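J.: Sharing final-v8.tsv, TSV, C-alpha atoms:
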```
chain	number	residue	atom	x	y	z
A	24	MET	CA	11.87	-22.51	10.17
A	25	ALA	CA	10.58	-19.16	8.99
A	26	VAL	CA	7.26	-18.04	10.39
A	27	GLU	CA	5.07	-15.97	8.12
A	28	GLU	CA	3.47	-13.15	10.02
A	29	ARG	CA	0.06	-12.06	8.77
A	30	ARG	CA	-0.72	-8.48	9.44
A	31	LEU	CA	-4.42	-8.30	10.13
A	32	GLY	CA	-6.44	-5.39	8.90
A	33	PRO	CA	-8.91	-3.49	11.02
A	34	GLY	CA	-12.02	-5.48	11.79
A	35	THR	CA	-10.53	-8.87	10.92
A	36	ASP	CA	-10.61	-10.16	14.49
A	37	VAL	CA	-14.12	-8.74	14.93
A	38	LEU	CA	-15.42	-10.70	11.95
A	39	ILE	CA	-13.80	-13.91	13.15
A	40	ARG	CA	-15.26	-13.43	16.64
A	41	LYS	CA	-18.72	-12.92	15.09
A	42	VAL	CA	-18.42	-16.17	13.16
A	43	ASP	CA	-17.14	-18.06	16.21
A	44	SER	CA	-19.84	-16.76	18.54
A	45	HIS	CA	-22.55	-17.54	15.98
A	46	VAL	CA	-21.34	-21.13	15.64
A	47	ALA	CA	-21.30	-21.43	19.43
A	48	ALA	CA	-24.92	-20.26	19.54
A	49	LEU	CA	-25.90	-22.67	16.76
A	50	ARG	CA	-24.37	-25.55	18.69
A	51	ALA	CA	-27.37	-25.47	21.05
A	52	GLY	CA	-30.01	-25.69	18.33
A	53	LEU	CA	-28.53	-27.50	15.34
A	54	HIS	CA	-27.47	-31.10	15.18
A	55	GLY	CA	-26.09	-33.56	12.67
A	56	PRO	CA	-25.63	-32.50	9.05
A	57	GLU	CA	-26.99	-28.97	9.62
A	58	PHE	CA	-24.43	-28.23	12.32
A	59	GLU	CA	-21.64	-29.82	10.28
A	60	LEU	CA	-22.56	-27.53	7.37
A	61	ALA	CA	-22.54	-24.52	9.70
A	62	GLU	CA	-19.08	-25.47	10.98
A	63	ARG	CA	-17.72	-25.92	7.45
A	64	LEU	CA	-19.16	-22.55	6.39
A	65	ALA	CA	-17.60	-20.94	9.45
A	66	GLY	CA	-14.21	-22.45	8.61
A	67	SER	CA	-14.40	-21.12	5.06
A	68	LEU	CA	-15.43	-17.69	6.28
A	69	ARG	CA	-12.57	-17.54	8.80
A	70	GLU	CA	-10.06	-18.38	6.08
A	71	LEU	CA	-11.62	-15.86	3.67
A	72	VAL	CA	-11.40	-13.16	6.33
A	73	LEU	CA	-7.73	-13.93	6.95
A	74	SER	CA	-6.79	-14.26	3.29
A	75	THR	CA	-8.39	-10.93	2.36
A	76	ALA	CA	-7.11	-8.96	5.35
A	77	GLN	CA	-4.71	-7.04	3.09
A	78	ALA	CA	-6.82	-7.25	-0.09
A	79	SER	CA	-8.74	-4.47	-1.79
A	80	ALA	CA	-11.63	-2.77	-0.05
A	81	ALA	CA	-14.05	-4.39	-2.50
A	82	ASP	CA	-12.77	-7.88	-1.70
A	83	ARG	CA	-12.93	-7.25	2.04
A	84	ALA	CA	-16.46	-5.88	1.68
A	85	GLN	CA	-17.55	-9.01	-0.17
A	86	VAL	CA	-16.21	-11.22	2.63
A	87	ARG	CA	-17.72	-8.95	5.29
A	88	ALA	CA	-21.13	-9.26	3.57
A	89	ALA	CA	-20.84	-13.05	3.53
A	90	VAL	CA	-19.97	-13.07	7.24
A	91	HIS	CA	-22.89	-10.82	8.11
A	92	TYR	CA	-25.28	-12.91	6.02
A	93	PHE	CA	-24.17	-16.06	7.86
A	94	VAL	CA	-24.24	-14.44	11.29
A	95	LEU	CA	-27.61	-12.73	10.86
A	96	ARG	CA	-29.41	-16.02	10.23
A	97	ARG	CA	-32.39	-15.89	12.55
A	98	GLU	CA	-35.39	-18.04	13.21
A	99	SER	CA	-38.51	-16.04	12.39
A	100	ARG	CA	-40.44	-15.91	15.61
A	101	GLY	CA	-41.59	-12.34	15.84
A	102	ARG	CA	-38.16	-10.93	15.02
A	103	LEU	CA	-37.61	-8.37	12.29
A	104	LEU	CA	-35.24	-10.53	10.27
A	105	SER	CA	-36.66	-13.40	8.27
A	106	MET	CA	-35.10	-16.85	8.44
A	107	ARG	CA	-32.11	-17.33	6.17
A	108	SER	CA	-31.32	-20.92	5.41
A	109	LEU	CA	-27.87	-22.40	5.68
A	110	ALA	CA	-28.22	-23.37	2.02
A	111	ALA	CA	-28.57	-19.70	1.08
A	112	ALA	CA	-25.54	-18.83	3.21
A	113	GLN	CA	-23.66	-21.67	1.54
A	114	ARG	CA	-24.41	-20.28	-1.92
A	115	LEU	CA	-23.21	-16.82	-0.87
A	116	VAL	CA	-20.00	-18.11	0.75
A	117	ASN	CA	-19.26	-20.30	-2.27
A	118	ARG	CA	-19.82	-17.39	-4.66
A	119	ALA	CA	-17.50	-15.15	-2.63
A	120	ALA	CA	-14.81	-17.85	-2.46
A	121	SER	CA	-14.98	-18.44	-6.21
A	122	GLN	CA	-14.92	-14.74	-7.09
A	123	LEU	CA	-11.95	-14.19	-4.80
A	124	GLY	CA	-9.97	-16.96	-6.45
A	125	ARG	CA	-10.33	-19.40	-3.55
A	126	PRO	CA	-12.34	-22.33	-4.95
A	127	ASP	CA	-10.63	-24.49	-2.34
A	128	LEU	CA	-12.85	-22.80	0.27
A	129	THR	CA	-16.16	-23.69	-1.34
A	130	VAL	CA	-18.42	-25.85	0.78
```
Could you write out this file's structure as structure tokens?

T.:
Amino acid sequence: MAVEERRLGPGTDVLIRKVDSHVAALRAGLHGPEFELAERLAGSLRELVLSTAQASAADRAQVRAAVHYFVLRRESRGRLLSMRSLAAAQRLVNRAASQLGRPDLTV
């Protein structure tokens, strides 16, 4: 059995860790369908990060922007960042997946 080795580009593991830690933080506050959506978005983002590790800089930047948009979702309680809904993150992730030729990763 041949094992395909993926060579990860710089920052790939950092982006995946950001997604994973954000989902872990959401676990405390979200429940039911909202948390399921967050987990599905995280799975799509992880796969997009891995599949674009050796892609063009523009493709990697698009995925990086989607990760940051998802991770920077904050509740607006005196913080500088306004609340970003999971639905908005879903639209952004789906757009990135479609534009990168990965409609299988849309949520």

J.: Using atom CA of A:Asp43 and atom CA of A:Pro126 as the two end points, give the distance in Å to one decimal.

T.: 22.1 Å

J.: Counting all atoms listed in the file, which residues of stretch 58-127 of chain A sit at most 12 Å from some atom of stretch 35-42 of chain A, and what is each one's closest atom pair with its distance in Å to one decimal, listed by chain and rising residue number, as JSON lines?

T.:
```
{"residue": "A:Ala61", "atom": "CA", "partner": "A:Val42", "partner_atom": "CA", "distance": 9.9}
{"residue": "A:Glu62", "atom": "CA", "partner": "A:Val42", "partner_atom": "CA", "distance": 9.6}
{"residue": "A:Arg63", "atom": "CA", "partner": "A:Val42", "partner_atom": "CA", "distance": 11.3}
{"residue": "A:Leu64", "atom": "CA", "partner": "A:Val42", "partner_atom": "CA", "distance": 9.3}
{"residue": "A:Ala65", "atom": "CA", "partner": "A:Val42", "partner_atom": "CA", "distance": 6.1}
{"residue": "A:Gly66", "atom": "CA", "partner": "A:Val42", "partner_atom": "CA", "distance": 8.8}
{"residue": "A:Ser67", "atom": "CA", "partner": "A:Val42", "partner_atom": "CA", "distance": 10.3}
{"residue": "A:Leu68", "atom": "CA", "partner": "A:Val42", "partner_atom": "CA", "distance": 7.7}
{"residue": "A:Arg69", "atom": "CA", "partner": "A:Ile39", "partner_atom": "CA", "distance": 5.8}
{"residue": "A:Glu70", "atom": "CA", "partner": "A:Ile39", "partner_atom": "CA", "distance": 9.2}
{"residue": "A:Leu71", "atom": "CA", "partner": "A:Ile39", "partner_atom": "CA", "distance": 9.9}
{"residue": "A:Val72", "atom": "CA", "partner": "A:Thr35", "partner_atom": "CA", "distance": 6.3}
{"residue": "A:Leu73", "atom": "CA", "partner": "A:Thr35", "partner_atom": "CA", "distance": 7.0}
{"residue": "A:Ser74", "atom": "CA", "partner": "A:Thr35", "partner_atom": "CA", "distance": 10.1}
{"residue": "A:Thr75", "atom": "CA", "partner": "A:Thr35", "partner_atom": "CA", "distance": 9.1}
{"residue": "A:Ala76", "atom": "CA", "partner": "A:Thr35", "partner_atom": "CA", "distance": 6.5}
{"residue": "A:Gln77", "atom": "CA", "partner": "A:Thr35", "partner_atom": "CA", "distance": 9.9}
{"residue": "A:Ala78", "atom": "CA", "partner": "A:Thr35", "partner_atom": "CA", "distance": 11.7}
{"residue": "A:Arg83", "atom": "CA", "partner": "A:Thr35", "partner_atom": "CA", "distance": 9.3}
{"residue": "A:Ala84", "atom": "CA", "partner": "A:Thr35", "partner_atom": "CA", "distance": 11.4}
{"residue": "A:Val86", "atom": "CA", "partner": "A:Leu38", "partner_atom": "CA", "distance": 9.4}
{"residue": "A:Arg87", "atom": "CA", "partner": "A:Leu38", "partner_atom": "CA", "distance": 7.3}
{"residue": "A:Ala88", "atom": "CA", "partner": "A:Leu38", "partner_atom": "CA", "distance": 10.2}
{"residue": "A:Ala89", "atom": "CA", "partner": "A:Leu38", "partner_atom": "CA", "distance": 10.3}
{"residue": "A:Val90", "atom": "CA", "partner": "A:Val42", "partner_atom": "CA", "distance": 6.9}
{"residue": "A:His91", "atom": "CA", "partner": "A:Lys41", "partner_atom": "CA", "distance": 8.4}
{"residue": "A:Tyr92", "atom": "CA", "partner": "A:Val42", "partner_atom": "CA", "distance": 10.4}
{"residue": "A:Phe93", "atom": "CA", "partner": "A:Val42", "partner_atom": "CA", "distance": 7.8}
{"residue": "A:Val94", "atom": "CA", "partner": "A:Val42", "partner_atom": "CA", "distance": 6.4}
{"residue": "A:Leu95", "atom": "CA", "partner": "A:Lys41", "partner_atom": "CA", "distance": 9.8}
{"residue": "A:Arg96", "atom": "CA", "partner": "A:Val42", "partner_atom": "CA", "distance": 11.4}
```

J.: Measure the distance from atom CA of A:Arg125 to atom CA of A:Ser44 in Å and round it to one decimal.

T.: 24.2 Å

J.: Report as number ranges by chain all protein, DNA and RNA residues lying within 12 Å of A:Ser121, evaluated on all atoms listed in the file, omitting residues in the same chain fewer than 6 positions from it.

T.: A: 67, 71, 82, 85-86, 114-115, 127-130

J.: Could you please take those selected residues and save C-alpha atoms as a compact mmCIF listing (two decimals), in the coordinates of the input?

T.:
```txt
# COMPACT_ATOMS: atom_id res chain seq x y z
CA SER A 67 -14.40 -21.12 5.06
CA LEU A 71 -11.62 -15.86 3.67
CA ASP A 82 -12.77 -7.88 -1.70
CA GLN A 85 -17.55 -9.01 -0.17
CA VAL A 86 -16.21 -11.22 2.63
CA ARG A 114 -24.41 -20.28 -1.92
CA LEU A 115 -23.21 -16.82 -0.87
CA ASP A 127 -10.63 -24.49 -2.34
CA LEU A 128 -12.85 -22.80 0.27
CA THR A 129 -16.16 -23.69 -1.34
CA VAL A 130 -18.42 -25.85 0.78
```

J.: If you measure from atom CA of A:Pro56 to atom CA of A:Ala110, what distance in Å do you get, rounded to one decimal?

T.: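 Between atom CA of A:Pro56 and atom CA of A:Ala110 the gap works out to 11.8 Å.
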